[in-house]
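Here is the structure we will look at.
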Amino acid sequence: MKGPDISLVIPAYNEARYLPRLLDSVEVARRQFDAHGGRIEVIVADNNSTDATAALASARECRVVPVAPRNIAAVRNAGAQVATGTIVAWVDADHRIHPDTFVVIAELMRNP
């Protein structure tokens with residue numbers, strides 16, 4: 001089985017309120033990308049959250065990476081370090097993504 005084409009890294013600190021909405025949009029985009037033969041992995045770089053962020057991410061089959069330093073660059077980098085996709089992308093937990101996001105990213109990267 002081939003590895004993921006895209007690794008999506010979500011830096012997170014106490015994002016339990018927003019994460020489900022983002023992950024719902026990621027799931028829609030994942031299905032769209034799957035239909036085009038693509039694969040993604042979702043990594044939540046959890047910055048010592050004190051809420052249910054890590055548990056929510058894990059329940060949604062995200063890879064959860066614990067990160068101790070309270071530094072956004074360290075959190076983003078920790079997620080990137082464990083990414084196995086050819087392409088690494090980031091999105092904040094309080095966002096949503098378009099259903100075609102992964103398809104468009106892959107198309108643009110194939111034809112820079």
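All residue names refer to the structure tokens as shown: chains lettered A, B, ... in order, residues numbered from 1 in each chain, ligands numbered from 1 in order.
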
Polymer residues at most 9 Å from range 75-78 of chain A, only C-alpha atoms, same-chain spacing of 3 or more positions, as a list in words: Val9, Ile10, Pro11, Ala12, Ala45, Asp46, Asn47, Val65, Pro66, Val67, Ala68, Pro69, Arg70, Asn71, Ile72, Gln81, Val82, Ala83 and Trp90 of chain A

Would you put the residues from that selection into a file with N, CA, C and O atoms, as a tab-separated table (two decimals), in the first residue's frame?
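Okay, again.tsv is ready:
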```tsv
chain	number	residue	atom	x	y	z
A	9	VAL	N	-1.42	18.81	8.56
A	9	VAL	CA	-1.02	19.04	9.95
A	9	VAL	C	-1.92	20.13	10.54
A	9	VAL	O	-2.08	21.20	9.96
A	10	ILE	N	-2.48	19.80	11.70
A	10	ILE	CA	-3.34	20.74	12.41
A	10	ILE	C	-2.69	21.04	13.76
A	10	ILE	O	-2.70	20.20	14.66
A	11	PRO	N	-2.07	22.23	13.91
A	11	PRO	CA	-1.55	22.59	15.23
A	11	PRO	C	-2.73	22.92	16.14
A	11	PRO	O	-3.68	23.58	15.72
A	12	ALA	N	-2.68	22.43	17.38
A	12	ALA	CA	-3.86	22.60	18.23
A	12	ALA	C	-3.50	22.78	19.70
A	12	ALA	O	-2.66	22.08	20.24
A	45	ALA	N	-1.12	18.09	15.90
A	45	ALA	CA	0.01	18.38	16.78
A	45	ALA	C	-0.56	19.07	18.01
A	45	ALA	O	-0.87	20.26	17.99
A	46	ASP	N	-0.74	18.29	19.07
A	46	ASP	CA	-1.43	18.76	20.27
A	46	ASP	C	-0.45	19.41	21.23
A	46	ASP	O	0.45	18.75	21.76
A	47	ASN	N	-0.65	20.68	21.48
A	47	ASN	CA	0.27	21.49	22.29
A	47	ASN	C	-0.15	21.52	23.76
A	47	ASN	O	-0.47	22.56	24.31
A	65	VAL	N	0.13	13.94	17.82
A	65	VAL	CA	1.52	14.12	18.22
A	65	VAL	C	1.56	15.11	19.37
A	65	VAL	O	1.21	16.28	19.19
A	66	PRO	N	1.96	14.66	20.56
A	66	PRO	CA	2.05	15.60	21.69
A	66	PRO	C	3.27	16.50	21.54
A	66	PRO	O	4.35	16.03	21.18
A	67	VAL	N	3.07	17.79	21.80
A	67	VAL	CA	4.15	18.76	21.68
A	67	VAL	C	4.14	19.62	22.94
A	67	VAL	O	3.13	20.24	23.26
A	68	ALA	N	5.28	19.67	23.63
A	68	ALA	CA	5.34	20.38	24.91
A	68	ALA	C	5.61	21.88	24.79
A	68	ALA	O	4.94	22.66	25.45
A	69	PRO	N	6.58	22.33	24.02
A	69	PRO	CA	6.88	23.77	24.03
A	69	PRO	C	5.68	24.60	23.56
A	69	PRO	O	5.03	24.27	22.59
A	70	ARG	N	5.38	25.67	24.28
A	70	ARG	CA	4.29	26.57	23.89
A	70	ARG	C	4.82	27.57	22.87
A	70	ARG	O	5.07	28.73	23.18
A	71	ASN	N	5.01	27.06	21.67
A	71	ASN	CA	5.58	27.85	20.58
A	71	ASN	C	4.97	27.33	19.29
A	71	ASN	O	5.19	26.17	18.93
A	72	ILE	N	4.24	28.17	18.58
A	72	ILE	CA	3.51	27.71	17.39
A	72	ILE	C	4.44	27.13	16.34
A	72	ILE	O	4.11	26.15	15.68
A	81	GLN	N	7.47	16.89	11.16
A	81	GLN	CA	8.50	15.87	11.36
A	81	GLN	C	7.96	14.45	11.26
A	81	GLN	O	8.68	13.55	10.86
A	82	VAL	N	6.72	14.24	11.63
A	82	VAL	CA	6.16	12.89	11.57
A	82	VAL	C	5.34	12.64	10.30
A	82	VAL	O	4.88	11.53	10.06
A	83	ALA	N	5.18	13.67	9.48
A	83	ALA	CA	4.40	13.54	8.25
A	83	ALA	C	5.09	12.58	7.29
A	83	ALA	O	6.30	12.59	7.14
A	90	TRP	N	-0.82	22.66	6.08
A	90	TRP	CA	-1.25	23.01	7.44
A	90	TRP	C	-2.59	23.74	7.36
A	90	TRP	O	-2.86	24.45	6.41
```

Which residues, written as a VMD selection string, have at least one atom at most 7 Å from Ile43 in chain A, with only C-alpha atoms counted and residues fewer than 6 positions away on the same chain left out? chain A and resid 8 to 10 62 to 64 79

Pick from A:His95, A:Lys2, A:Arg110, A:Arg60, whichever lies nearest to Glu27 in chain A using only C-alpha atoms: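 Comparing A:His95, A:Lys2, A:Arg110, A:Arg60 against Glu27 in chain A, the winner is A:Arg60.
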
Could you tell me how far CA of Arg39 in chain A lies from CA of Pro99 in chain A, in Å and to one decimal? 14.2 Å

Can you list, as a ChimeraX atom specification, every residue of range 30-94 of chain A that DSSP puts in alpha helix (DSSP H)? /A:30-35,53-59,72-82

Could you tell me which of A:Glu107, A:Ser7, A:Gly37, A:Val44 comes closest to Leu22 in chain A if we count only C-alpha atoms?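 Among the listed residues, the smallest separation from Leu22 in chain A belongs to A:Val44.
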
Which residues, written as a ChimeraX atom specification, have at least one atom at most 9 Å from range 50-53 of chain A, with only C-alpha atoms counted and residues fewer than 2 positions away on the same chain left out? /A:12-17,19,44,46,48,55-58

Output all heavy atoms of each residue in that selection to a file, as a compact mmCIF listing (two decimals), in the first residue's frame.
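And here is the file that came out, result_16.txt:
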```txt
# COMPACT_ATOMS: atom_id res chain seq x y z
N ALA A 12 -2.68 22.43 17.38
CA ALA A 12 -3.86 22.60 18.23
C ALA A 12 -3.50 22.78 19.70
O ALA A 12 -2.66 22.08 20.24
CB ALA A 12 -4.76 21.37 18.09
N TYR A 13 -4.16 23.75 20.31
CA TYR A 13 -4.12 23.93 21.76
C TYR A 13 -5.54 24.25 22.21
O TYR A 13 -6.10 25.29 21.83
CB TYR A 13 -3.17 25.06 22.17
CG TYR A 13 -3.27 25.37 23.64
CD1 TYR A 13 -2.75 24.49 24.58
CD2 TYR A 13 -3.93 26.50 24.09
CE1 TYR A 13 -2.88 24.74 25.94
CE2 TYR A 13 -4.06 26.78 25.45
CZ TYR A 13 -3.53 25.88 26.36
OH TYR A 13 -3.65 26.13 27.71
N ASN A 14 -6.14 23.34 22.96
CA ASN A 14 -7.51 23.50 23.45
C ASN A 14 -8.49 23.87 22.33
O ASN A 14 -9.20 24.87 22.41
CB ASN A 14 -7.56 24.53 24.58
CG ASN A 14 -6.94 24.00 25.85
OD1 ASN A 14 -6.68 22.80 26.00
ND2 ASN A 14 -6.68 24.88 26.80
N GLU A 15 -8.51 23.03 21.31
CA GLU A 15 -9.36 23.28 20.13
C GLU A 15 -10.57 22.35 20.07
O GLU A 15 -11.16 22.18 19.00
CB GLU A 15 -8.52 23.13 18.86
CG GLU A 15 -7.35 24.07 18.76
CD GLU A 15 -7.73 25.52 18.54
OE1 GLU A 15 -8.92 25.85 18.41
OE2 GLU A 15 -6.81 26.35 18.49
N ALA A 16 -10.95 21.74 21.18
CA ALA A 16 -12.07 20.79 21.18
C ALA A 16 -13.36 21.43 20.66
O ALA A 16 -14.18 20.76 20.04
CB ALA A 16 -12.29 20.22 22.58
N ARG A 17 -13.50 22.71 20.86
CA ARG A 17 -14.69 23.42 20.40
C ARG A 17 -14.76 23.50 18.87
O ARG A 17 -15.83 23.44 18.28
CB ARG A 17 -14.70 24.82 20.99
CG ARG A 17 -15.83 25.67 20.55
CD ARG A 17 -15.78 27.02 21.22
NE ARG A 17 -16.80 27.90 20.68
CZ ARG A 17 -16.83 29.17 20.83
NH1 ARG A 17 -15.89 29.77 21.54
NH2 ARG A 17 -17.79 29.90 20.32
N LEU A 19 -12.44 21.75 16.55
CA LEU A 19 -11.88 20.62 15.80
C LEU A 19 -12.92 19.75 15.09
O LEU A 19 -12.71 19.38 13.93
CB LEU A 19 -11.00 19.78 16.72
CG LEU A 19 -10.06 18.79 16.06
CD1 LEU A 19 -9.12 19.48 15.08
CD2 LEU A 19 -9.24 18.05 17.13
N VAL A 44 -2.69 15.76 14.13
CA VAL A 44 -3.00 16.84 15.05
C VAL A 44 -1.81 16.97 16.00
O VAL A 44 -1.49 16.04 16.75
CB VAL A 44 -4.30 16.57 15.83
CG1 VAL A 44 -4.51 17.63 16.91
CG2 VAL A 44 -5.49 16.54 14.87
N ASP A 46 -0.74 18.29 19.07
CA ASP A 46 -1.43 18.76 20.27
C ASP A 46 -0.45 19.41 21.23
O ASP A 46 0.45 18.75 21.76
CB ASP A 46 -2.15 17.60 20.94
CG ASP A 46 -2.88 18.05 22.18
OD1 ASP A 46 -3.54 19.11 22.13
OD2 ASP A 46 -2.77 17.37 23.21
N ASN A 48 -0.16 20.33 24.38
CA ASN A 48 -0.51 20.19 25.80
C ASN A 48 -1.90 20.71 26.12
O ASN A 48 -2.12 21.38 27.14
CB ASN A 48 0.52 20.89 26.70
CG ASN A 48 1.80 20.11 26.84
OD1 ASN A 48 1.80 18.89 26.75
ND2 ASN A 48 2.89 20.82 27.04
N ALA A 55 -8.26 13.64 22.51
CA ALA A 55 -9.21 12.53 22.47
C ALA A 55 -10.12 12.62 21.24
O ALA A 55 -10.39 11.62 20.59
CB ALA A 55 -10.04 12.51 23.75
N LEU A 56 -10.58 13.82 20.92
CA LEU A 56 -11.42 14.01 19.74
C LEU A 56 -10.65 13.65 18.47
O LEU A 56 -11.18 12.97 17.59
CB LEU A 56 -11.88 15.47 19.64
CG LEU A 56 -13.01 15.89 20.56
CD1 LEU A 56 -13.16 17.40 20.55
CD2 LEU A 56 -14.31 15.23 20.11
N ALA A 57 -9.42 14.11 18.39
CA ALA A 57 -8.59 13.82 17.21
C ALA A 57 -8.35 12.32 17.06
O ALA A 57 -8.47 11.76 15.97
CB ALA A 57 -7.27 14.57 17.30
N SER A 58 -8.02 11.69 18.16
CA SER A 58 -7.77 10.25 18.13
C SER A 58 -9.03 9.48 17.73
O SER A 58 -8.96 8.54 16.93
CB SER A 58 -7.28 9.80 19.50
OG SER A 58 -6.98 8.44 19.49
```

Would you give me, as a list of chain:residue names, the residues in chain A that DSSP reads as strand (DSSP E)?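 Strand (DSSP E) assignments inside chain A correspond to A:Ile6, A:Ser7, A:Leu8, A:Val9, A:Ile10, A:Pro11, A:Ala12, A:Ile40, A:Glu41, A:Val42, A:Ile43, A:Val44, A:Ala45, A:Asp46, A:Arg63, A:Val64, A:Val65, A:Pro66, A:Ile87, A:Val88, A:Ala89, A:Trp90.
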
Distance CA of Ala29 in chain A-CA of Ala59 in chain A, one decimal place?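 Here the two named atoms are 18.4 Å from each other.
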
List as a count of residues only the protein and nucleic acid residues near Ile40 in chain A, meaning an atom at most 8 Å away when only C-alpha atoms are counted, but skip any in the same chain fewer than 2 places from it. 9

Separation of CA of Ala80 in chain A from CA of Phe102 in chain A, in Å and rounded to one decimal: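 These atoms are spaced 17.1 Å apart.
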
For each of A:Ala54, A:Ile87, A:Ala73, A:Ile97, take the minimum atom-to-atom distance to Ser25 in chain A, counting only C-alpha atoms, then give the residue where this is smallest.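 Of A:Ala54, A:Ile87, A:Ala73, A:Ile97, the one nearest Ser25 in chain A, counting only C-alpha atoms, is A:Ile97.
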
Out of A:Ala74, A:Leu23, A:Val88, A:Val28, which residue has the shortest atom-to-atom distance to Ala106 in chain A when counting only C-alpha atoms?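 When distances to Ala106 in chain A are compared using only C-alpha atoms, the smallest one comes from A:Val88.
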